[in-house]
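Source file: query-v3.cif. Holds: mmCIF, N, CA and C atoms.
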```
data_model
loop_
_atom_site.label_atom_id
_atom_site.label_comp_id
_atom_site.auth_asym_id
_atom_site.auth_seq_id
_atom_site.Cartn_x
_atom_site.Cartn_y
_atom_site.Cartn_z
N MET N 82 -1.45 -5.64 19.69
CA MET N 82 -1.25 -5.98 18.31
C MET N 82 0.25 -6.16 18.08
N ASP N 83 0.63 -7.33 17.57
CA ASP N 83 2.04 -7.69 17.47
C ASP N 83 2.75 -7.13 16.25
N LYS N 84 2.02 -6.92 15.16
CA LYS N 84 2.65 -6.51 13.90
C LYS N 84 1.78 -5.47 13.21
N ASN N 85 2.34 -4.90 12.14
CA ASN N 85 1.49 -4.11 11.26
C ASN N 85 1.40 -4.86 9.93
N LEU N 86 0.51 -4.41 9.06
CA LEU N 86 0.27 -5.14 7.81
C LEU N 86 1.50 -5.16 6.91
N LEU N 87 2.32 -4.13 6.97
CA LEU N 87 3.54 -4.13 6.15
C LEU N 87 4.42 -5.32 6.53
N GLU N 88 4.55 -5.59 7.80
CA GLU N 88 5.36 -6.73 8.25
C GLU N 88 4.76 -8.05 7.77
N ILE N 89 3.45 -8.15 7.79
CA ILE N 89 2.78 -9.36 7.31
C ILE N 89 3.03 -9.54 5.81
N ILE N 90 2.92 -8.44 5.05
CA ILE N 90 3.17 -8.50 3.60
C ILE N 90 4.61 -8.92 3.34
N GLU N 91 5.55 -8.36 4.09
CA GLU N 91 6.96 -8.70 3.90
C GLU N 91 7.26 -10.15 4.26
N ASP N 92 6.47 -10.72 5.17
CA ASP N 92 6.64 -12.13 5.54
C ASP N 92 6.14 -13.08 4.44
N HIS N 93 5.35 -12.56 3.50
CA HIS N 93 4.75 -13.40 2.44
C HIS N 93 5.13 -12.83 1.08
N GLU N 94 6.31 -13.17 0.60
CA GLU N 94 6.83 -12.63 -0.67
C GLU N 94 5.89 -12.83 -1.85
N ASP N 95 5.17 -13.95 -1.87
CA ASP N 95 4.30 -14.26 -2.99
C ASP N 95 2.84 -13.89 -2.74
N GLY N 96 2.59 -13.16 -1.69
CA GLY N 96 1.23 -12.75 -1.36
C GLY N 96 0.73 -13.46 -0.12
N ILE N 97 -0.17 -12.81 0.56
CA ILE N 97 -0.79 -13.34 1.77
C ILE N 97 -1.82 -14.39 1.37
N PRO N 98 -2.01 -15.45 2.17
CA PRO N 98 -3.05 -16.43 1.84
C PRO N 98 -4.42 -15.75 1.64
N GLU N 99 -5.15 -16.22 0.64
CA GLU N 99 -6.40 -15.58 0.24
C GLU N 99 -7.40 -15.42 1.39
N ASP N 100 -7.56 -16.43 2.22
CA ASP N 100 -8.50 -16.32 3.34
C ASP N 100 -8.11 -15.19 4.29
N ASP N 101 -6.81 -15.02 4.51
CA ASP N 101 -6.34 -13.94 5.38
C ASP N 101 -6.58 -12.58 4.74
N ILE N 102 -6.35 -12.50 3.42
CA ILE N 102 -6.58 -11.23 2.71
C ILE N 102 -8.01 -10.77 2.92
N TRP N 103 -8.96 -11.67 2.69
CA TRP N 103 -10.36 -11.28 2.80
C TRP N 103 -10.74 -10.94 4.24
N MET N 104 -10.13 -11.62 5.20
CA MET N 104 -10.40 -11.28 6.60
C MET N 104 -9.90 -9.87 6.92
N TYR N 105 -8.70 -9.54 6.44
CA TYR N 105 -8.14 -8.20 6.69
C TYR N 105 -8.93 -7.12 5.95
N VAL N 106 -9.25 -7.38 4.68
CA VAL N 106 -9.98 -6.39 3.90
C VAL N 106 -11.37 -6.15 4.49
N TYR N 107 -12.04 -7.21 4.90
CA TYR N 107 -13.37 -7.06 5.51
C TYR N 107 -13.31 -6.16 6.75
N GLN N 108 -12.34 -6.44 7.62
CA GLN N 108 -12.22 -5.63 8.84
C GLN N 108 -11.86 -4.18 8.52
N LEU N 109 -10.98 -4.00 7.54
CA LEU N 109 -10.58 -2.65 7.16
C LEU N 109 -11.76 -1.87 6.58
N LEU N 110 -12.53 -2.52 5.71
CA LEU N 110 -13.71 -1.85 5.14
C LEU N 110 -14.74 -1.50 6.22
N LYS N 111 -14.94 -2.41 7.17
CA LYS N 111 -15.89 -2.12 8.26
C LYS N 111 -15.40 -0.92 9.09
N ALA N 112 -14.11 -0.87 9.37
CA ALA N 112 -13.55 0.22 10.16
C ALA N 112 -13.66 1.56 9.42
N ILE N 113 -13.31 1.56 8.14
CA ILE N 113 -13.40 2.79 7.36
C ILE N 113 -14.85 3.21 7.17
N CYS N 114 -15.73 2.24 7.00
CA CYS N 114 -17.17 2.54 6.90
C CYS N 114 -17.65 3.26 8.15
N PHE N 115 -17.23 2.78 9.31
CA PHE N 115 -17.61 3.45 10.56
C PHE N 115 -17.09 4.88 10.59
N CYS N 116 -15.82 5.05 10.24
CA CYS N 116 -15.24 6.40 10.21
C CYS N 116 -16.02 7.31 9.27
N HIS N 117 -16.32 6.82 8.09
CA HIS N 117 -17.02 7.64 7.10
C HIS N 117 -18.44 7.96 7.55
N LYS N 118 -19.09 7.05 8.26
CA LYS N 118 -20.44 7.33 8.76
C LYS N 118 -20.46 8.50 9.72
N ILE N 119 -19.36 8.69 10.44
CA ILE N 119 -19.30 9.82 11.38
C ILE N 119 -18.52 10.99 10.77
N GLU N 120 -18.37 10.95 9.43
CA GLU N 120 -17.76 12.01 8.63
C GLU N 120 -16.27 12.21 8.92
N VAL N 121 -15.59 11.16 9.33
CA VAL N 121 -14.15 11.21 9.54
C VAL N 121 -13.46 10.51 8.38
N VAL N 122 -12.47 11.18 7.81
CA VAL N 122 -11.65 10.60 6.75
C VAL N 122 -10.25 10.42 7.32
N HIS N 123 -9.69 9.22 7.18
CA HIS N 123 -8.38 8.91 7.75
C HIS N 123 -7.26 9.61 7.00
N TRP N 124 -7.29 9.56 5.67
CA TRP N 124 -6.36 10.22 4.76
C TRP N 124 -4.94 9.69 4.79
N ASP N 125 -4.67 8.64 5.54
CA ASP N 125 -3.32 8.05 5.49
C ASP N 125 -3.41 6.55 5.72
N VAL N 126 -4.35 5.92 5.02
CA VAL N 126 -4.50 4.46 5.11
C VAL N 126 -3.34 3.84 4.34
N LYS N 127 -2.53 3.08 5.05
CA LYS N 127 -1.39 2.38 4.46
C LYS N 127 -1.06 1.19 5.36
N PRO N 128 -0.32 0.22 4.86
CA PRO N 128 -0.05 -0.99 5.65
C PRO N 128 0.58 -0.71 7.02
N GLU N 129 1.43 0.30 7.11
CA GLU N 129 2.06 0.61 8.39
C GLU N 129 1.07 1.10 9.43
N ASN N 130 -0.08 1.60 8.99
CA ASN N 130 -1.09 2.12 9.90
C ASN N 130 -2.21 1.11 10.19
N LEU N 131 -1.97 -0.13 9.82
CA LEU N 131 -2.94 -1.20 10.08
C LEU N 131 -2.28 -2.23 10.98
N LEU N 132 -2.70 -2.26 12.22
CA LEU N 132 -2.11 -3.17 13.20
C LEU N 132 -2.78 -4.52 13.11
N ILE N 133 -1.98 -5.58 13.23
CA ILE N 133 -2.46 -6.95 13.04
C ILE N 133 -2.07 -7.82 14.22
N ASN N 134 -3.01 -8.63 14.66
CA ASN N 134 -2.70 -9.72 15.58
C ASN N 134 -2.63 -10.97 14.72
N PRO N 135 -1.43 -11.51 14.46
CA PRO N 135 -1.31 -12.66 13.55
C PRO N 135 -2.03 -13.92 14.04
N THR N 136 -2.21 -14.05 15.33
CA THR N 136 -2.88 -15.24 15.88
C THR N 136 -4.38 -15.21 15.62
N THR N 137 -5.01 -14.07 15.92
CA THR N 137 -6.46 -13.96 15.77
C THR N 137 -6.87 -13.38 14.41
N LYS N 138 -5.88 -12.87 13.66
CA LYS N 138 -6.12 -12.23 12.36
C LYS N 138 -6.95 -10.95 12.50
N SER N 139 -6.93 -10.33 13.68
CA SER N 139 -7.69 -9.10 13.86
C SER N 139 -6.86 -7.90 13.40
N LEU N 140 -7.56 -6.89 12.90
CA LEU N 140 -6.95 -5.70 12.33
C LEU N 140 -7.52 -4.47 13.02
N LYS N 141 -6.66 -3.51 13.29
CA LYS N 141 -7.08 -2.22 13.85
C LYS N 141 -6.36 -1.11 13.11
N ILE N 142 -7.08 -0.01 12.87
CA ILE N 142 -6.48 1.15 12.24
C ILE N 142 -5.82 2.01 13.31
N CYS N 143 -4.64 2.55 12.99
CA CYS N 143 -3.99 3.47 13.92
C CYS N 143 -3.53 4.72 13.17
N ASP N 144 -2.91 5.62 13.88
CA ASP N 144 -2.33 6.87 13.37
C ASP N 144 -3.38 7.73 12.66
N PHE N 145 -4.18 8.38 13.47
CA PHE N 145 -5.20 9.29 12.94
C PHE N 145 -4.68 10.73 12.89
N GLY N 146 -3.36 10.88 12.77
CA GLY N 146 -2.75 12.21 12.77
C GLY N 146 -3.22 13.11 11.64
N PHE N 147 -3.50 12.56 10.47
CA PHE N 147 -3.98 13.35 9.34
C PHE N 147 -5.50 13.29 9.21
N ALA N 148 -6.16 12.51 10.03
CA ALA N 148 -7.62 12.35 9.93
C ALA N 148 -8.30 13.70 10.18
N ARG N 149 -9.40 13.89 9.49
CA ARG N 149 -10.18 15.11 9.64
C ARG N 149 -11.66 14.78 9.61
N ILE N 150 -12.42 15.61 10.29
CA ILE N 150 -13.88 15.56 10.15
C ILE N 150 -14.20 16.39 8.93
N LEU N 151 -14.93 15.81 8.00
CA LEU N 151 -15.25 16.52 6.76
C LEU N 151 -16.13 17.72 7.06
N PRO N 152 -15.76 18.88 6.54
CA PRO N 152 -16.61 20.06 6.71
C PRO N 152 -17.88 19.92 5.88
N LYS N 153 -18.93 20.56 6.31
CA LYS N 153 -20.20 20.48 5.59
C LYS N 153 -20.15 21.24 4.26
N GLN N 154 -19.26 22.24 4.16
CA GLN N 154 -19.14 22.99 2.92
C GLN N 154 -18.52 22.13 1.84
N SER N 155 -18.75 22.52 0.61
CA SER N 155 -18.11 21.82 -0.51
C SER N 155 -17.42 22.84 -1.40
N GLY N 156 -16.59 22.34 -2.28
CA GLY N 156 -15.92 23.19 -3.27
C GLY N 156 -15.05 24.26 -2.65
N LYS N 157 -15.15 25.49 -3.16
CA LYS N 157 -14.28 26.59 -2.73
C LYS N 157 -14.49 26.94 -1.26
N ASN N 158 -15.68 26.71 -0.73
CA ASN N 158 -15.95 27.01 0.67
C ASN N 158 -15.15 26.11 1.61
N ARG N 159 -14.66 24.97 1.12
CA ARG N 159 -13.88 24.03 1.93
C ARG N 159 -12.42 24.42 2.01
N LYS N 160 -11.96 25.24 1.08
CA LYS N 160 -10.52 25.56 1.01
C LYS N 160 -10.05 26.10 2.35
N GLY N 161 -8.94 25.59 2.81
CA GLY N 161 -8.40 25.99 4.10
C GLY N 161 -8.90 25.15 5.26
N LEU N 162 -9.99 24.41 5.04
CA LEU N 162 -10.53 23.56 6.10
C LEU N 162 -9.91 22.17 6.06
N LEU N 163 -9.42 21.77 4.90
CA LEU N 163 -8.80 20.45 4.74
C LEU N 163 -7.29 20.61 4.67
N THR N 164 -6.59 19.60 5.11
CA THR N 164 -5.13 19.64 5.12
C THR N 164 -4.57 19.56 3.70
N ASP N 165 -3.45 20.25 3.46
CA ASP N 165 -2.81 20.21 2.15
C ASP N 165 -2.14 18.87 1.89
N TYR N 166 -1.49 18.31 2.92
CA TYR N 166 -0.81 17.03 2.75
C TYR N 166 -1.72 15.91 3.21
N VAL N 167 -2.06 15.03 2.32
CA VAL N 167 -2.83 13.85 2.69
C VAL N 167 -2.27 12.64 1.97
N ALA N 168 -2.26 11.54 2.62
CA ALA N 168 -1.93 10.24 2.04
C ALA N 168 -0.46 10.10 1.64
N THR N 169 0.10 9.00 2.05
CA THR N 169 1.45 8.64 1.64
C THR N 169 1.45 8.44 0.12
N ARG N 170 2.49 8.87 -0.53
CA ARG N 170 2.57 8.93 -1.99
C ARG N 170 2.02 7.70 -2.70
N TRP N 171 2.38 6.50 -2.26
CA TRP N 171 2.01 5.28 -2.99
C TRP N 171 0.53 4.94 -2.85
N TYR N 172 -0.18 5.62 -1.98
CA TYR N 172 -1.59 5.32 -1.75
C TYR N 172 -2.49 6.51 -2.09
N ARG N 173 -1.95 7.50 -2.77
CA ARG N 173 -2.72 8.71 -3.12
C ARG N 173 -3.65 8.43 -4.28
N SER N 174 -4.85 8.91 -4.15
CA SER N 174 -5.85 8.75 -5.21
C SER N 174 -5.61 9.77 -6.33
N PRO N 175 -6.19 9.53 -7.50
CA PRO N 175 -5.99 10.46 -8.63
C PRO N 175 -6.38 11.90 -8.31
N GLU N 176 -7.46 12.10 -7.56
CA GLU N 176 -7.87 13.48 -7.27
C GLU N 176 -6.84 14.22 -6.42
N LEU N 177 -6.14 13.48 -5.56
CA LEU N 177 -5.08 14.11 -4.77
C LEU N 177 -3.88 14.42 -5.65
N LEU N 178 -3.52 13.49 -6.52
CA LEU N 178 -2.38 13.70 -7.40
C LEU N 178 -2.61 14.86 -8.36
N LEU N 179 -3.86 15.07 -8.76
CA LEU N 179 -4.19 16.13 -9.72
C LEU N 179 -4.54 17.45 -9.05
N GLY N 180 -4.52 17.48 -7.72
CA GLY N 180 -4.75 18.73 -7.00
C GLY N 180 -6.20 19.15 -6.88
N ASP N 181 -7.14 18.24 -7.03
CA ASP N 181 -8.56 18.56 -6.86
C ASP N 181 -8.81 18.89 -5.39
N GLU N 182 -9.34 20.07 -5.11
CA GLU N 182 -9.56 20.51 -3.73
C GLU N 182 -10.84 19.94 -3.13
N ASN N 183 -11.63 19.25 -3.91
CA ASN N 183 -12.90 18.74 -3.43
C ASN N 183 -12.82 17.24 -3.15
N TYR N 184 -11.73 16.82 -2.52
CA TYR N 184 -11.57 15.40 -2.22
C TYR N 184 -12.27 15.05 -0.92
N GLY N 185 -12.47 13.75 -0.72
CA GLY N 185 -13.17 13.33 0.48
C GLY N 185 -13.00 11.85 0.75
N LYS N 186 -14.08 11.20 1.11
CA LYS N 186 -14.05 9.80 1.52
C LYS N 186 -13.43 8.84 0.49
N PRO N 187 -13.61 9.06 -0.80
CA PRO N 187 -13.03 8.11 -1.77
C PRO N 187 -11.52 7.95 -1.67
N VAL N 188 -10.80 8.92 -1.08
CA VAL N 188 -9.35 8.76 -0.98
C VAL N 188 -8.99 7.57 -0.09
N ASP N 189 -9.79 7.30 0.94
CA ASP N 189 -9.54 6.13 1.79
C ASP N 189 -9.82 4.83 1.03
N ILE N 190 -10.87 4.83 0.22
CA ILE N 190 -11.23 3.63 -0.54
C ILE N 190 -10.14 3.31 -1.57
N TRP N 191 -9.61 4.33 -2.23
CA TRP N 191 -8.53 4.13 -3.19
C TRP N 191 -7.34 3.46 -2.49
N ALA N 192 -6.98 3.96 -1.32
CA ALA N 192 -5.84 3.39 -0.58
C ALA N 192 -6.09 1.93 -0.23
N ILE N 193 -7.31 1.59 0.12
CA ILE N 193 -7.64 0.20 0.43
C ILE N 193 -7.43 -0.68 -0.81
N GLY N 194 -7.81 -0.19 -1.98
CA GLY N 194 -7.58 -0.93 -3.21
C GLY N 194 -6.10 -1.16 -3.47
N CYS N 195 -5.29 -0.15 -3.21
CA CYS N 195 -3.83 -0.29 -3.37
C CYS N 195 -3.29 -1.35 -2.42
N ILE N 196 -3.77 -1.32 -1.19
CA ILE N 196 -3.32 -2.30 -0.19
C ILE N 196 -3.75 -3.70 -0.58
N LEU N 197 -4.96 -3.84 -1.09
CA LEU N 197 -5.43 -5.16 -1.54
C LEU N 197 -4.48 -5.73 -2.61
N GLY N 198 -4.08 -4.89 -3.55
CA GLY N 198 -3.14 -5.34 -4.57
C GLY N 198 -1.82 -5.80 -3.97
N GLU N 199 -1.33 -5.07 -3.00
CA GLU N 199 -0.07 -5.46 -2.35
C GLU N 199 -0.21 -6.79 -1.60
N MET N 200 -1.33 -6.97 -0.94
CA MET N 200 -1.54 -8.23 -0.21
C MET N 200 -1.60 -9.42 -1.17
N CYS N 201 -2.17 -9.22 -2.34
CA CYS N 201 -2.32 -10.31 -3.31
C CYS N 201 -1.00 -10.75 -3.92
N ASP N 202 -0.12 -9.80 -4.21
CA ASP N 202 1.11 -10.17 -4.92
C ASP N 202 2.38 -10.04 -4.11
N GLY N 203 2.25 -9.61 -2.85
CA GLY N 203 3.44 -9.49 -2.01
C GLY N 203 4.25 -8.28 -2.34
#
```

Before we go any further, please render this structure as structure tokens.
Amino acid sequence: MDKNLLEIIEDHEDGIPEDDIWMYVYQLLKAICFCHKIEVVHWDVKPENLLINPTTKSLKICDFGFARILPKQSGKNRKGLLTDYVATRWYRSPELLLGDENYGKPVDIWAIGCILGEMCDG
């Protein structure tokens, strides 16, 4: 993979071409869907962690350093099982910003929405 998505965004000041956006978003959603099906949450989805081959337009997720397998417990029983630091500031979901301890898969989806906005407007 020659670049990451941040480099692609920086190359397109006015936004990435629409066909490319949908190709990247589709691949990203498929990858996150797979992770979520096996109960893995990435927790740091951001353009720097999305590797891109500009020729084939293929996308791969990298840097699973903060990723966790979701514990089966919920609420207070989960405390201590999940990491305190998750998600780069600009991609943090409201539940993370407000300190809700019962966060999970939606934090990755929120980050994807933030990235989609960046791809659209550069």

Next on the checklist: Can you tell me which residues surround Cys201 in chain N at a distance of at most 6.5 Å, considering only N, CA and C atoms, apart from same-chain residues fewer than 2 positions away, and format the answer as number ranges by chain?
Outcome noted: N: 95-97, 196-199, 203

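Once the PyMOL selection byres ((chain N and resi 120-127) around 5) is applied to the depicted file, the selected set reads Cys116, His117, Lys118, Ile119, Pro128, Glu129, Asn130, Leu131, Phe147, Ala148, Arg149, Ile150, Leu151, Val167, Ala168 and Thr169 of chain N.
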
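Counting from CA of Lys111 in chain N, the distance to CA of Gly185 in chain N is 17.5 Å.
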
Checklist entry - Expressed in Å to a single decimal, how great is the separation between CA of Cys195 in chain N and CA of Pro152 in chain N? => result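 We find that CA of Cys195 in chain N and CA of Pro152 in chain N lie 26.1 Å from each other.
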
Checklist entry - Exactly which residues make up the result of the PyMOL selection byres ((chain N and resi 138-141) around 8) on this file, given as a VMD selection string? => result chain N and resid 82 101 104 to 105 108 to 109 112 130 to 137 142 to 144

Would you put the residues from that selection into a file with N, CA and C atoms, as a short mmCIF file (atom, residue, chain, number, x, y, z; two decimals), in the frame of the given file?
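As a result, again02.cif now contains:
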```cif
data_model
loop_
_atom_site.label_atom_id
_atom_site.label_comp_id
_atom_site.auth_asym_id
_atom_site.auth_seq_id
_atom_site.Cartn_x
_atom_site.Cartn_y
_atom_site.Cartn_z
N MET N 82 -1.45 -5.64 19.69
CA MET N 82 -1.25 -5.98 18.31
C MET N 82 0.25 -6.16 18.08
N ASP N 101 -6.81 -15.02 4.51
CA ASP N 101 -6.34 -13.94 5.38
C ASP N 101 -6.58 -12.58 4.74
N MET N 104 -10.13 -11.62 5.20
CA MET N 104 -10.40 -11.28 6.60
C MET N 104 -9.90 -9.87 6.92
N TYR N 105 -8.70 -9.54 6.44
CA TYR N 105 -8.14 -8.20 6.69
C TYR N 105 -8.93 -7.12 5.95
N GLN N 108 -12.34 -6.44 7.62
CA GLN N 108 -12.22 -5.63 8.84
C GLN N 108 -11.86 -4.18 8.52
N LEU N 109 -10.98 -4.00 7.54
CA LEU N 109 -10.58 -2.65 7.16
C LEU N 109 -11.76 -1.87 6.58
N ALA N 112 -14.11 -0.87 9.37
CA ALA N 112 -13.55 0.22 10.16
C ALA N 112 -13.66 1.56 9.42
N ASN N 130 -0.08 1.60 8.99
CA ASN N 130 -1.09 2.12 9.90
C ASN N 130 -2.21 1.11 10.19
N LEU N 131 -1.97 -0.13 9.82
CA LEU N 131 -2.94 -1.20 10.08
C LEU N 131 -2.28 -2.23 10.98
N LEU N 132 -2.70 -2.26 12.22
CA LEU N 132 -2.11 -3.17 13.20
C LEU N 132 -2.78 -4.52 13.11
N ILE N 133 -1.98 -5.58 13.23
CA ILE N 133 -2.46 -6.95 13.04
C ILE N 133 -2.07 -7.82 14.22
N ASN N 134 -3.01 -8.63 14.66
CA ASN N 134 -2.70 -9.72 15.58
C ASN N 134 -2.63 -10.97 14.72
N PRO N 135 -1.43 -11.51 14.46
CA PRO N 135 -1.31 -12.66 13.55
C PRO N 135 -2.03 -13.92 14.04
N THR N 136 -2.21 -14.05 15.33
CA THR N 136 -2.88 -15.24 15.88
C THR N 136 -4.38 -15.21 15.62
N THR N 137 -5.01 -14.07 15.92
CA THR N 137 -6.46 -13.96 15.77
C THR N 137 -6.87 -13.38 14.41
N ILE N 142 -7.08 -0.01 12.87
CA ILE N 142 -6.48 1.15 12.24
C ILE N 142 -5.82 2.01 13.31
N CYS N 143 -4.64 2.55 12.99
CA CYS N 143 -3.99 3.47 13.92
C CYS N 143 -3.53 4.72 13.17
N ASP N 144 -2.91 5.62 13.88
CA ASP N 144 -2.33 6.87 13.37
C ASP N 144 -3.38 7.73 12.66
#
```

Next on the checklist: Going by DSSP on the backbone, which residues of chain N come out as strand (DSSP E)? List them as a list in words.
Outcome noted: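 So the strand (DSSP E) residues in chain N would be Lys84, Asn85, Val121, Val122, Leu131, Leu132, Ile133, Asn134, Ser139, Leu140, Lys141, Ile142, Arg149 and Ile150 of chain N.
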
Next on the checklist: Taking only chain N into account, list the residues labelled helix (DSSP H, G or I) by DSSP (computed from the backbone), as a PyMOL selection string.
Outcome noted: chain N and resi 86-92+99-118+128-130+156-159+170-172+175-178+187-202

Checklist entry - What is the distance, in Å and to one decimal place, between atom N of Glu91 in chain N and CA of Leu179 in chain N? => result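 Taking atom N of Glu91 in chain N as the start and CA of Leu179 in chain N as the end point, the length is 29.8 Å.
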
Checklist entry - Looking at N:Gly146, N:Leu178, N:Trp171, N:Ile113, which one is nearest to Ile190 in chain N, with distances taken over all atoms listed in the file? => result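 The shortest atom-to-atom distance to Ile190 in chain N comes from N:Ile113.
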